[in-house]
>>> print(open('upload.cif').read())   # mmCIF, C-alpha atoms (C1' of nucleotides)
data_input
#
loop_
_atom_site.label_atom_id
_atom_site.label_comp_id
_atom_site.auth_asym_id
_atom_site.auth_seq_id
_atom_site.Cartn_x
_atom_site.Cartn_y
_atom_site.Cartn_z
CA MET A 1 -3.91 47.50 12.77
CA GLN A 2 -6.82 45.67 11.27
CA ARG A 3 -8.50 46.12 7.94
CA PRO A 4 -10.74 44.23 5.47
CA TYR A 5 -9.64 42.96 2.08
CA ARG A 6 -11.91 42.26 -0.86
CA SER A 7 -11.94 38.86 -2.53
CA GLY A 8 -9.06 38.75 -5.01
CA GLU A 9 -7.30 41.74 -3.53
CA ILE A 10 -3.53 41.50 -3.48
CA ILE A 11 -2.10 41.92 0.02
CA PHE A 12 1.50 42.09 -1.16
CA SER A 13 3.42 41.09 -4.27
CA GLN A 14 6.58 39.08 -4.75
CA GLY A 15 9.51 41.48 -4.87
CA ASP A 16 7.80 44.18 -2.85
CA ALA A 17 9.78 45.84 -0.09
CA GLY A 18 7.28 44.82 2.56
CA ASP A 19 8.05 44.46 6.21
CA ALA A 20 4.81 43.71 7.97
CA LEU A 21 3.57 40.50 9.50
CA HIS A 22 -0.05 39.67 8.74
CA GLY A 23 -2.49 37.55 10.68
CA ILE A 24 -5.79 36.28 9.37
CA VAL A 25 -8.77 37.17 11.54
CA ARG A 26 -11.32 35.94 9.03
CA GLY A 27 -11.04 34.67 5.47
CA LYS A 28 -8.56 32.76 3.32
CA VAL A 29 -5.27 33.86 1.80
CA ARG A 30 -3.24 32.17 -0.88
CA ILE A 31 0.52 32.39 -0.99
CA SER A 32 2.00 32.00 -4.45
CA ALA A 33 4.97 32.91 -6.60
CA GLY A 34 5.08 33.53 -10.30
CA ASP A 35 7.43 34.09 -13.17
CA ALA A 36 7.40 36.74 -15.87
CA ASP A 37 5.32 34.61 -18.28
CA GLY A 38 2.43 34.38 -15.87
CA ARG A 39 3.08 30.83 -14.72
CA GLU A 40 2.36 30.49 -11.05
CA VAL A 41 3.15 28.15 -8.16
CA PHE A 42 1.05 27.93 -5.06
CA PHE A 43 2.94 27.58 -1.84
CA ASN A 44 0.09 27.46 0.58
CA ILE A 45 -3.43 28.37 1.49
CA LEU A 46 -3.96 29.91 4.89
CA GLY A 47 -7.08 30.41 6.98
CA ALA A 48 -8.26 32.16 10.14
CA GLY A 49 -5.66 32.06 12.89
CA ASP A 50 -2.75 31.69 10.48
CA THR A 51 0.05 34.21 10.15
CA PHE A 52 2.11 35.03 7.08
CA GLY A 53 4.74 37.40 5.75
CA GLU A 54 7.28 36.34 8.37
CA ILE A 55 10.29 36.18 6.05
CA ALA A 56 10.27 39.85 5.10
CA LEU A 57 9.42 40.75 8.69
CA LEU A 58 12.50 38.93 9.94
CA ASP A 59 15.12 40.20 7.55
CA GLY A 60 13.48 43.27 6.07
CA GLY A 61 14.13 41.91 2.58
CA ALA A 62 11.84 41.66 -0.43
CA ARG A 63 8.72 39.54 -0.39
CA THR A 64 9.44 36.02 -1.64
CA ALA A 65 5.85 35.42 -2.61
CA THR A 66 2.57 37.09 -3.44
CA ALA A 67 -0.32 37.01 -0.98
CA THR A 68 -3.86 37.30 -2.29
CA ALA A 69 -7.16 37.25 -0.45
CA MET A 70 -9.14 34.28 -1.84
CA VAL A 71 -12.37 35.47 -0.25
CA ALA A 72 -13.36 38.66 1.58
CA SER A 73 -10.98 38.65 4.53
CA GLU A 74 -10.07 40.57 7.63
CA LEU A 75 -6.35 40.90 8.38
CA LEU A 76 -4.39 42.13 11.37
CA SER A 77 -1.01 43.62 10.43
CA ILE A 78 2.00 44.69 12.42
CA ALA A 79 4.98 46.55 10.95
CA ARG A 80 8.60 45.52 11.49
CA ALA A 81 9.48 48.37 13.84
CA ALA A 82 6.36 47.90 15.94
CA PHE A 83 6.91 44.17 16.05
CA PHE A 84 10.47 44.41 17.34
CA ALA A 85 9.44 47.06 19.86
CA THR A 86 6.79 44.72 21.21
CA LEU A 87 9.33 41.92 21.24
CA GLU A 88 11.48 43.90 23.69
CA ARG A 89 8.63 44.12 26.17
CA GLU A 90 7.22 40.70 25.49
CA PRO A 91 9.99 38.17 24.83
CA ARG A 92 7.56 35.25 24.77
CA LEU A 93 6.32 36.58 21.47
CA ALA A 94 9.61 35.41 19.96
CA LEU A 95 8.86 31.85 20.98
CA GLU A 96 5.51 32.06 19.27
CA LEU A 97 7.11 33.31 16.08
CA LEU A 98 9.80 30.64 16.27
CA ARG A 99 7.12 27.97 16.52
CA LEU A 100 5.48 29.46 13.44
CA CYS A 101 8.78 29.43 11.54
CA GLY A 102 9.35 25.78 12.40
CA GLU A 103 5.94 24.92 11.05
CA ARG A 104 6.52 26.93 7.89
CA LEU A 105 9.91 25.33 7.33
CA ARG A 106 8.38 21.88 7.62
CA TRP A 107 5.74 22.70 5.07
CA THR A 108 8.09 24.35 2.59
CA SER A 109 10.79 21.72 2.74
CA GLY A 110 8.05 19.11 2.31
CA LEU A 111 7.02 20.90 -0.88
CA ALA A 112 10.59 20.94 -2.18
CA GLU A 113 11.13 17.31 -1.30
CA ASP A 114 7.91 16.19 -2.96
CA ALA A 115 8.68 18.16 -6.09
CA ALA A 116 12.02 16.40 -6.44
CA LEU A 117 11.09 12.87 -5.42
CA LEU A 118 7.47 12.24 -6.33
CA GLU A 119 5.76 11.76 -9.67
CA ALA A 120 2.79 13.93 -10.53
CA PRO A 121 0.01 11.54 -9.37
CA ALA A 122 1.71 10.99 -5.99
CA ARG A 123 2.17 14.72 -5.54
CA LEU A 124 -1.45 15.35 -6.42
CA ALA A 125 -2.72 12.74 -3.96
CA ARG A 126 -0.47 14.10 -1.24
CA ARG A 127 -1.52 17.73 -1.67
CA LEU A 128 -5.17 16.76 -1.81
CA LEU A 129 -4.81 14.98 1.52
CA LEU A 130 -2.83 17.78 3.17
CA LEU A 131 -5.15 20.49 1.90
CA GLY A 132 -8.15 18.39 2.83
CA GLU A 133 -6.88 18.17 6.36
CA ALA A 134 -6.24 21.90 6.60
CA HIS A 135 -9.19 23.34 4.69
CA GLY A 136 -11.59 20.52 3.83
CA GLU A 137 -15.14 20.66 5.05
CA PRO A 138 -17.12 17.48 5.60
CA ASP A 139 -20.00 17.00 3.19
CA ALA A 140 -22.39 14.31 2.00
CA ARG A 141 -20.13 13.67 -1.00
CA GLY A 142 -16.89 13.50 1.00
CA ILE A 143 -14.42 16.05 2.27
CA VAL A 144 -14.86 19.13 0.09
CA LEU A 145 -11.87 21.04 -1.19
CA ARG A 146 -12.92 24.28 -2.84
CA LEU A 147 -10.19 24.65 -5.43
CA SER A 148 -10.25 24.72 -9.21
CA GLN A 149 -8.19 22.14 -11.09
CA GLU A 150 -6.18 25.06 -12.42
CA ASP A 151 -5.24 26.00 -8.88
CA LEU A 152 -4.38 22.43 -7.99
CA ALA A 153 -2.13 22.31 -11.04
CA SER A 154 -0.27 25.45 -9.89
CA PHE A 155 0.18 23.81 -6.54
CA LEU A 156 2.04 20.92 -8.13
CA GLY A 157 3.76 22.79 -10.92
CA VAL A 158 2.02 20.75 -13.61
CA THR A 159 -0.67 21.52 -16.18
CA ARG A 160 -4.38 21.61 -15.61
CA GLN A 161 -4.89 18.85 -18.16
CA LEU A 162 -2.71 16.44 -16.24
CA VAL A 163 -4.54 17.14 -13.00
CA ASN A 164 -7.82 16.53 -14.76
CA GLN A 165 -6.54 13.27 -16.22
CA TYR A 166 -5.67 11.79 -12.82
CA LEU A 167 -8.77 13.13 -11.09
CA GLN A 168 -10.91 11.51 -13.78
CA GLU A 169 -9.12 8.22 -13.29
CA TRP A 170 -9.65 8.40 -9.54
CA LYS A 171 -13.27 9.38 -9.99
CA GLN A 172 -13.81 6.19 -12.01
CA ARG A 173 -12.44 4.23 -9.09
CA GLY A 174 -14.63 6.07 -6.60
CA TRP A 175 -11.73 7.63 -4.74
CA VAL A 176 -12.83 11.21 -5.37
CA ASP A 177 -15.81 13.06 -6.77
CA LEU A 178 -15.67 16.23 -8.82
CA GLY A 179 -17.71 19.39 -9.00
CA ARG A 180 -17.19 22.80 -10.51
CA GLY A 181 -14.41 24.39 -8.47
CA ALA A 182 -14.37 21.54 -5.99
CA VAL A 183 -12.90 18.12 -5.31
CA PHE A 184 -14.58 15.69 -2.93
CA ILE A 185 -12.27 13.24 -1.23
CA ARG A 186 -14.12 9.96 -0.73
CA ASP A 187 -11.38 7.42 -0.08
CA LYS A 188 -8.48 8.80 1.89
CA THR A 189 -6.81 5.43 2.28
CA ALA A 190 -6.63 4.87 -1.47
CA LEU A 191 -4.99 8.26 -1.95
CA GLU A 192 -2.57 7.59 0.87
CA ARG A 193 -1.43 4.41 -0.86
CA LEU A 194 -0.49 6.49 -3.90
CA THR A 195 1.79 8.71 -1.89
CA ALA A 196 3.92 5.82 -0.64
CA ARG A 197 7.50 6.67 -1.36
CA MET B 1 28.99 20.38 23.63
CA GLN B 2 31.49 19.99 20.88
CA ARG B 3 32.67 16.87 19.12
CA PRO B 4 34.36 15.80 15.87
CA TYR B 5 32.67 13.88 13.06
CA ARG B 6 34.41 11.71 10.50
CA SER B 7 33.93 12.34 6.81
CA GLY B 8 30.73 10.62 5.73
CA GLU B 9 29.43 10.23 9.26
CA ILE B 10 25.70 10.71 9.65
CA ILE B 11 24.85 13.42 12.18
CA PHE B 12 21.14 12.68 12.20
CA SER B 13 18.71 10.89 9.90
CA GLN B 14 15.37 11.92 8.46
CA GLY B 15 12.62 10.67 10.76
CA ASP B 16 14.82 10.57 13.86
CA ALA B 17 13.41 12.03 17.06
CA GLY B 18 16.19 14.59 17.34
CA ASP B 19 15.96 17.79 19.27
CA ALA B 20 19.39 19.41 19.17
CA LEU B 21 20.61 22.41 17.26
CA HIS B 22 23.99 21.98 15.59
CA GLY B 23 26.55 24.59 14.64
CA ILE B 24 29.49 23.98 12.35
CA VAL B 25 32.83 24.97 13.86
CA ARG B 26 34.87 23.44 11.06
CA GLY B 27 33.97 21.32 8.04
CA LYS B 28 31.06 20.89 5.65
CA VAL B 29 27.67 19.29 6.18
CA ARG B 30 25.13 18.27 3.60
CA ILE B 31 21.42 18.36 4.27
CA SER B 32 19.40 15.91 2.22
CA ALA B 33 16.23 13.88 2.19
CA GLY B 34 15.62 10.54 0.59
CA ASP B 35 12.93 8.04 -0.24
CA ALA B 36 12.76 4.32 0.39
CA ASP B 37 14.27 3.43 -3.02
CA GLY B 38 17.46 5.28 -2.25
CA ARG B 39 16.71 8.33 -4.38
CA GLU B 40 17.93 11.47 -2.68
CA VAL B 41 17.41 15.23 -2.82
CA PHE B 42 19.95 17.68 -1.56
CA PHE B 43 18.55 20.66 0.26
CA ASN B 44 21.72 22.47 1.10
CA ILE B 45 25.40 22.36 1.81
CA LEU B 46 26.56 24.20 4.92
CA GLY B 47 29.99 25.34 6.04
CA ALA B 48 31.75 26.78 9.08
CA GLY B 49 29.60 29.29 10.93
CA ASP B 50 26.33 27.79 9.71
CA THR B 51 23.70 26.30 11.97
CA PHE B 52 21.27 23.49 11.20
CA GLY B 53 18.65 21.26 12.79
CA GLU B 54 16.49 24.21 13.79
CA ILE B 55 13.15 22.67 12.77
CA ALA B 56 13.29 19.76 15.21
CA LEU B 57 14.73 22.09 17.85
CA LEU B 58 11.75 24.40 17.53
CA ASP B 59 8.90 21.93 17.59
CA GLY B 60 10.53 18.82 19.01
CA GLY B 61 9.23 16.82 16.03
CA ALA B 62 11.02 14.35 13.79
CA ARG B 63 13.96 15.36 11.63
CA THR B 64 12.78 16.45 8.17
CA ALA B 65 16.14 15.71 6.60
CA THR B 66 19.36 13.81 7.00
CA ALA B 67 22.59 15.62 7.90
CA THR B 68 25.90 14.08 6.86
CA ALA B 69 29.44 15.34 7.38
CA MET B 70 30.94 15.77 3.89
CA VAL B 71 34.46 16.10 5.27
CA ALA B 72 35.95 15.66 8.73
CA SER B 73 34.06 18.26 10.76
CA GLU B 74 33.76 19.73 14.21
CA LEU B 75 30.23 20.44 15.46
CA LEU B 76 28.86 22.32 18.43
CA SER B 77 25.48 20.99 19.62
CA ILE B 78 22.89 22.21 22.07
CA ALA B 79 19.88 20.19 23.17
CA ARG B 80 16.32 21.53 23.18
CA ALA B 81 16.02 21.83 26.96
CA ALA B 82 19.38 23.56 27.31
CA PHE B 83 18.57 25.85 24.43
CA PHE B 84 15.27 27.03 25.89
CA ALA B 85 16.86 27.45 29.30
CA THR B 86 19.50 29.71 27.78
CA LEU B 87 16.78 31.55 25.90
CA GLU B 88 15.17 32.55 29.23
CA ARG B 89 18.36 34.23 30.39
CA GLU B 90 19.41 35.57 27.01
CA PRO B 91 16.39 36.71 25.00
CA ARG B 92 18.56 38.18 22.26
CA LEU B 93 19.39 34.63 21.25
CA ALA B 94 15.84 34.33 19.96
CA LEU B 95 16.46 37.19 17.55
CA GLU B 96 19.50 35.41 16.23
CA LEU B 97 17.56 32.22 15.68
CA LEU B 98 14.74 34.15 14.03
CA ARG B 99 17.20 35.68 11.61
CA LEU B 100 18.48 32.20 10.82
CA CYS B 101 14.95 30.93 10.22
CA GLY B 102 14.24 33.76 7.82
CA GLU B 103 17.34 32.92 5.86
CA ARG B 104 16.47 29.24 5.78
CA LEU B 105 12.91 29.98 4.68
CA ARG B 106 14.17 32.11 1.81
CA TRP B 107 16.47 29.34 0.63
CA THR B 108 13.90 26.57 0.93
CA SER B 109 11.07 28.44 -0.73
CA GLY B 110 13.51 29.37 -3.49
CA LEU B 111 14.17 25.67 -4.00
CA ALA B 112 10.47 24.87 -4.16
CA GLU B 113 9.79 27.73 -6.53
CA ASP B 114 12.62 26.79 -8.87
CA ALA B 115 11.54 23.17 -8.92
CA ALA B 116 8.07 24.15 -10.06
CA LEU B 117 8.87 26.98 -12.46
CA LEU B 118 12.25 26.35 -14.04
CA GLU B 119 13.39 23.78 -16.60
CA ALA B 120 16.33 21.56 -15.77
CA PRO B 121 19.08 23.65 -17.44
CA ALA B 122 17.91 26.84 -15.74
CA ARG B 123 17.79 25.07 -12.38
CA LEU B 124 21.26 23.67 -12.92
CA ALA B 125 22.71 27.06 -13.83
CA ARG B 126 21.03 28.67 -10.86
CA ARG B 127 22.25 26.13 -8.32
CA LEU B 128 25.75 26.26 -9.74
CA LEU B 129 25.81 30.01 -9.25
CA LEU B 130 24.32 29.89 -5.75
CA LEU B 131 26.62 27.09 -4.63
CA GLY B 132 29.55 28.80 -6.25
CA GLU B 133 28.82 31.91 -4.26
CA ALA B 134 28.53 30.01 -0.98
CA HIS B 135 31.23 27.37 -1.36
CA GLY B 136 33.24 28.09 -4.48
CA GLU B 137 36.98 28.67 -4.22
CA PRO B 138 38.75 30.79 -6.80
CA ASP B 139 41.18 28.86 -8.99
CA ALA B 140 43.15 29.23 -12.19
CA ARG B 141 40.40 27.39 -14.07
CA GLY B 142 37.54 29.42 -12.60
CA ILE B 143 35.48 29.16 -9.43
CA VAL B 144 35.79 25.58 -8.24
CA LEU B 145 32.78 23.70 -6.95
CA ARG B 146 33.80 20.38 -5.41
CA LEU B 147 30.72 18.32 -6.14
CA SER B 148 30.19 15.20 -8.23
CA GLN B 149 27.68 15.35 -11.06
CA GLU B 150 25.71 12.75 -9.15
CA ASP B 151 25.41 15.17 -6.23
CA LEU B 152 24.43 18.04 -8.51
CA ALA B 153 21.72 15.83 -9.97
CA SER B 154 20.32 15.10 -6.50
CA PHE B 155 20.27 18.82 -5.87
CA LEU B 156 17.96 19.35 -8.83
CA GLY B 157 15.96 16.17 -8.63
CA VAL B 158 17.09 15.00 -12.07
CA THR B 159 19.39 12.24 -13.30
CA ARG B 160 23.16 12.35 -13.47
CA GLN B 161 23.05 11.81 -17.22
CA LEU B 162 21.02 14.95 -17.76
CA VAL B 163 23.38 17.02 -15.65
CA ASN B 164 26.29 15.67 -17.64
CA GLN B 165 24.56 16.48 -20.92
CA TYR B 166 24.12 20.15 -20.07
CA LEU B 167 27.55 20.52 -18.47
CA GLN B 168 29.14 19.10 -21.64
CA GLU B 169 27.19 21.55 -23.75
CA TRP B 170 28.32 24.44 -21.56
CA LYS B 171 31.89 23.19 -21.57
CA GLN B 172 31.85 23.36 -25.39
CA ARG B 173 30.83 26.98 -25.12
CA GLY B 174 33.54 27.74 -22.55
CA TRP B 175 31.09 28.60 -19.80
CA VAL B 176 32.32 25.91 -17.42
CA ASP B 177 35.18 23.46 -17.18
CA LEU B 178 34.94 19.97 -15.74
CA GLY B 179 37.18 17.82 -13.59
CA ARG B 180 36.70 14.67 -11.59
CA GLY B 181 34.38 15.63 -8.74
CA ALA B 182 34.52 19.29 -9.63
CA VAL B 183 32.90 21.95 -11.78
CA PHE B 184 34.77 25.14 -12.67
CA ILE B 185 32.59 28.15 -13.36
CA ARG B 186 34.24 30.30 -16.02
CA ASP B 187 31.47 32.53 -17.30
CA LYS B 188 29.03 33.58 -14.60
CA THR B 189 27.20 35.99 -16.87
CA ALA B 190 26.38 33.29 -19.41
CA LEU B 191 24.93 31.09 -16.68
CA GLU B 192 22.96 33.99 -15.27
CA ARG B 193 21.33 34.52 -18.65
CA LEU B 194 20.06 30.93 -18.53
CA THR B 195 18.29 31.50 -15.25
CA ALA B 196 16.19 34.37 -16.56
CA ARG B 197 12.61 33.63 -15.73
"C1'" DC C 1 -32.38 36.45 -19.42
"C1'" DA C 2 -28.68 36.77 -22.36
"C1'" DC C 3 -23.94 37.08 -22.72
"C1'" DG C 4 -19.26 36.63 -21.43
"C1'" DA C 5 -16.07 34.66 -18.30
"C1'" DA C 6 -14.36 30.87 -15.93
"C1'" DG C 7 -14.08 26.07 -15.31
"C1'" DT C 8 -14.17 21.13 -16.99
"C1'" DG C 9 -13.37 17.26 -20.10
"C1'" DT C 10 -10.71 15.35 -23.96
"C1'" DC C 11 -7.61 14.70 -27.92
"C1'" DG C 12 -3.36 14.20 -30.61
"C1'" DG C 13 1.56 15.38 -31.45
"C1'" DG C 14 5.99 16.41 -29.71
"C1'" DC C 15 9.83 16.51 -26.62
"C1'" DA C 16 12.31 16.65 -22.23
"C1'" DG C 17 13.92 13.73 -19.15
"C1'" DC C 18 14.14 8.78 -17.39
"C1'" DT C 19 15.93 3.92 -17.56
"C1'" DG C 20 19.42 0.80 -18.36
"C1'" DA C 21 23.68 -0.22 -20.10
"C1'" DC C 22 28.48 0.01 -20.89
"C1'" DA C 23 33.33 1.74 -21.48
"C1'" DG C 24 37.02 4.45 -19.99
"C1'" DA C 25 39.57 7.46 -16.50
"C1'" DA C 26 40.94 8.73 -11.98
"C1'" DG C 27 41.84 8.01 -7.39
"C1'" DG C 28 42.75 5.26 -2.93
"C1'" DG C 29 43.72 1.58 0.05
"C1'" DG C 30 45.92 -2.72 0.97
"C1'" DC D 1 51.90 -1.33 -7.56
"C1'" DC D 2 47.60 -3.32 -8.53
"C1'" DC D 3 42.84 -3.90 -7.90
"C1'" DC D 4 38.46 -1.97 -6.78
"C1'" DT D 5 35.62 1.70 -6.37
"C1'" DT D 6 33.94 5.99 -7.87
"C1'" DC D 7 33.12 9.15 -11.28
"C1'" DT D 8 32.56 10.69 -16.12
"C1'" DG D 9 30.92 10.34 -20.75
"C1'" DT D 10 27.67 8.53 -24.11
"C1'" DC D 11 23.87 6.09 -26.46
"C1'" DA D 12 19.35 4.12 -27.59
"C1'" DG D 13 14.78 3.42 -26.38
"C1'" DC D 14 10.61 4.61 -23.75
"C1'" DT D 15 7.16 7.54 -21.38
"C1'" DG D 16 5.32 11.15 -18.64
"C1'" DC D 17 4.18 15.45 -19.20
"C1'" DC D 18 3.53 19.69 -22.00
"C1'" DC D 19 1.29 22.38 -25.67
"C1'" DG D 20 -2.41 23.81 -28.39
"C1'" DA D 21 -6.93 23.23 -29.52
"C1'" DC D 22 -11.81 22.82 -29.04
"C1'" DA D 23 -16.50 21.73 -27.19
"C1'" DC D 24 -19.42 21.86 -23.37
"C1'" DT D 25 -21.17 23.46 -18.81
"C1'" DT D 26 -21.82 26.55 -15.07
"C1'" DC D 27 -21.94 30.88 -13.01
"C1'" DG D 28 -22.05 35.85 -12.32
"C1'" DT D 29 -23.52 40.17 -13.95
"C1'" DG D 30 -25.46 43.90 -16.62
#
>>> encode(input="upload.cif", output="structure tokens")
Amino acid sequence: MQRPYRSGEIIFSQGDAGDALHGIVRGKVRISAGDADGREVFFNILGAGDTFGEIALLDGGARTATATAMVASELLSIARAAFFATLEREPRLALELLRLCGERLRWTSGLAEDAALLEAPARLARRLLLLGEAHGEPDARGIVLRLSQEDLASFLGVTRQLVNQYLQEWKQRGWVDLGRGAVFIRDKTALERLTAR
Amino acid sequence: MQRPYRSGEIIFSQGDAGDALHGIVRGKVRISAGDADGREVFFNILGAGDTFGEIALLDGGARTATATAMVASELLSIARAAFFATLEREPRLALELLRLCGERLRWTSGLAEDAALLEAPARLARRLLLLGEAHGEPDARGIVLRLSQEDLASFLGVTRQLVNQYLQEWKQRGWVDLGRGAVFIRDKTALERLTAR
DNA sequence: CACGAAGTGTCGGGCAGCTGACAGAAGGGG
DNA sequence: CCCCTTCTGTCAGCTGCCCGACACTTCGTG
């Protein structure tokens, strides 16, 4: 069934006993995990056409992450029982879900690999490029990424100050431009050079 | 089809255009990724009954990681085309693979989360416990984990020296015992306290 | 339009973890 | 049995990143 979510509304929380798969009809959803002290890591940002919540759907276990609507959004949800019932009648649905899982696994293992192998500036450059590709909108000042530096920091597992430090450096060099709650990517190639492993 | 692998033999390498799913009949396989400079991250260690290589199987893309036989092993492999052909006749296979994907996603996102949120000692304690659960053998000196400190370090994305430093500290306190190429877990509860987030 | 909240920009001080280096112990293969 | 390789244990710098703090700007809202 379909229903709207307000901006900032929590769709489900890490640890919840949830078992529904959600699809985004309209809007943006952020997937994150946090610890008791309020520190947070971003796993992903999803947009229209994306699906999430597949882990709990598959094994019926607790939610591994928290999903929050970043803007007013419209979500389509299907519960575990209903999903598996549909699967019986429509086996091709499984293939679709498998494709989704493959994609998700690529993204997540990429995150883990980057975290272990890359220094902060390389990780920042890499995430900027990936997010730019997925959610950036073209603009006079470059490809716009509507994310606060705080959010970027959570994405990398570093502090806001460090993110600011590198962005400032790159701004000097003309690689990016900065606005309140936004980063403008101006020189993709320069950022790509930074991510060289 | 089934075939044996020698200890240390590479099953597939990161970046390869592989498209087969592998199952472990006998032996142990390590899944890792590396950068150009030879640094390496471990993602997982798998044993008999486990399956791996599902990402490339699902989307036909490049291997995200390298798989190496840690000991002499026997693997069962099925190519992409054969797998999807079987899937047509046996739709329940898809459910099995979906369950596997859910499991893998849980593990991988746990890795990414830990890397971002936990300090080195907490990560070390956590991985010791998880690996101990999956691959530890009971022994007079505790639960044995047959892994060099070098390998443990790759698992966490830190240096061998740091791993050694914490293991020494914990050995003093009687929480673990150390041998060449092995860690003996003696006090699970103490290690669990360290992982508290 | 005034105020509070949220975001940016910037600084020092401190420390966790890295680099490089070396010595000793424990296998393993010829 | 001996040599070579692998692994452990340890130390002394160095540095990347964190923490706390504060000023300034922008935006939303009553």
>>> closest_residue(input="upload.cif", among="A:Arg99, A:Arg193, A:Arg30, A:Arg160", to="chain C", atoms="all atoms listed in the file")
A:Arg160
>>> axis_aligned_box(input="upload.cif", around="stretch 2-18 of chain C", padding_each_side="3 Å", output="lines of an AutoDock Vina configuration file")
center_x = -7.3
center_y = 22.9
center_z = -23.4
size_x = 48.8
size_y = 34.3
size_z = 22.1
>>> residues_around(input="upload.cif", residues="stretch 105-117 of chain A", least_positions_apart="4", cutoff="8 Å", atoms="only C-alpha atoms (C1' of nucleotides)", output="PyMOL selection string")
(chain A and resi 43+101+123+156) or (chain B and resi 33-35+39-41+55+64+104-105+108-109+111-112+115-116+156-158)
>>> interface_residues(input="upload.cif", of="chain D", to="chain B", cutoff="8 Å", atoms="all atoms listed in the file", output="PyMOL selection string")
chain D and resi 7-9
>>> atom_distance(input="upload.cif", atom1="atom CA of B:Phe184", atom2="atom CA of B:Asp139")
8.3 Å
>>> resolve_selection(input="upload.cif", expression="the PyMOL selection byres ((chain D and resi 2) around 12)", output="PDB file with C-alpha atoms (C1' of nucleotides), in the frame of the given file")
ATOM      1  C1'  DG C  28      42.750   5.260  -2.930  1.00  0.00           C
ATOM      2  C1'  DG C  29      43.720   1.580   0.050  1.00  0.00           C
ATOM      3  C1'  DG C  30      45.920  -2.720   0.970  1.00  0.00           C
TER       4       DG C  30
ATOM      5  C1'  DC D   1      51.900  -1.330  -7.560  1.00  0.00           C
ATOM      6  C1'  DC D   3      42.840  -3.900  -7.900  1.00  0.00           C
ATOM      7  C1'  DC D   4      38.460  -1.970  -6.780  1.00  0.00           C
TER       8       DC D   4
END
>>> closest_residue(input="upload.cif", among="B:Ile78, B:Val71, B:Ile31, B:Leu130", to="chain A", atoms="only C-alpha atoms")
B:Ile31
>>> atom_distance(input="upload.cif", atom1="atom CA of B:Phe52", atom2="atom CA of A:Asp59")
18.2 Å
>>> atom_distance(input="upload.cif", atom1="atom CA of B:Thr68", atom2="atom CA of B:Leu147")
14.5 Å
>>> interface_residues(input="upload.cif", of="chain C", to="chain B", cutoff="8 Å", atoms="all atoms listed in the file", output="list in words")
DG17, DC18 and DA26 of chain C
>>> residues_around(input="upload.cif", residues="D:DT25", least_positions_apart="2", cutoff="10 Å", atoms="only C-alpha atoms (C1' of nucleotides)", output="number ranges by chain")
A: 180; C: 7-8; D: 23, 27
>>> closest_residue(input="upload.cif", among="A:Thr189, A:Ser73, A:Asn44, A:Gln172", to="chain B", atoms="all atoms listed in the file")
A:Asn44
>>> closest_residue(input="upload.cif", among="A:Arg3, A:Arg80, A:Arg186, A:Arg92", to="chain B", atoms="only C-alpha atoms")
A:Arg92
>>> closest_residue(input="upload.cif", among="B:Glu74, B:Glu9, B:Glu90, B:Asp50", to="chain A", atoms="all atoms listed in the file")
B:Glu90
>>> closest_residue(input="upload.cif", among="A:Leu58, A:Leu75, A:Leu194, A:Ala140", to="A:Pro4", atoms="all atoms listed in the file")
A:Leu75
>>> resolve_selection(input="upload.cif", expression="the PyMOL selection byres ((chain C and resi 1) around 12)", output="PyMOL selection string")
(chain C and resi 2-3) or (chain D and resi 29-30)
>>> resolve_selection(input="upload.cif", expression="the PyMOL selection byres ((chain D and resi 15) around 12)", output="list in words")
DC15, DA16, DG17, DC18 and DT19 of chain C; DG13, DC14, DG16 and DC17 of chain D
>>> write_last_selection(input="upload.cif", atoms="C-alpha atoms (C1' of nucleotides)", output="PDB file, keeping the file's coordinate frame")
ATOM      1  C1'  DC C  15       9.830  16.510 -26.620  1.00  0.00           C
ATOM      2  C1'  DA C  16      12.310  16.650 -22.230  1.00  0.00           C
ATOM      3  C1'  DG C  17      13.920  13.730 -19.150  1.00  0.00           C
ATOM      4  C1'  DC C  18      14.140   8.780 -17.390  1.00  0.00           C
ATOM      5  C1'  DT C  19      15.930   3.920 -17.560  1.00  0.00           C
TER       6       DT C  19
ATOM      7  C1'  DG D  13      14.780   3.420 -26.380  1.00  0.00           C
ATOM      8  C1'  DC D  14      10.610   4.610 -23.750  1.00  0.00           C
ATOM      9  C1'  DG D  16       5.320  11.150 -18.640  1.00  0.00           C
ATOM     10  C1'  DC D  17       4.180  15.450 -19.200  1.00  0.00           C
TER      11       DC D  17
END
>>> residues_near_point(input="upload.cif", point="(-13.5, 9.5, 0.0)", cutoff="6 Å", atoms="all atoms listed in the file", output="PDB file with C-alpha atoms, keeping the file's coordinate frame")
ATOM      1  CA  GLY A 142     -16.890  13.500   1.000  1.00  0.00           C
ATOM      2  CA  TRP A 175     -11.730   7.630  -4.740  1.00  0.00           C
ATOM      3  CA  VAL A 176     -12.830  11.210  -5.370  1.00  0.00           C
ATOM      4  CA  ILE A 185     -12.270  13.240  -1.230  1.00  0.00           C
ATOM      5  CA  ARG A 186     -14.120   9.960  -0.730  1.00  0.00           C
ATOM      6  CA  ASP A 187     -11.380   7.420  -0.080  1.00  0.00           C
ATOM      7  CA  LYS A 188      -8.480   8.800   1.890  1.00  0.00           C
TER       8      LYS A 188
END
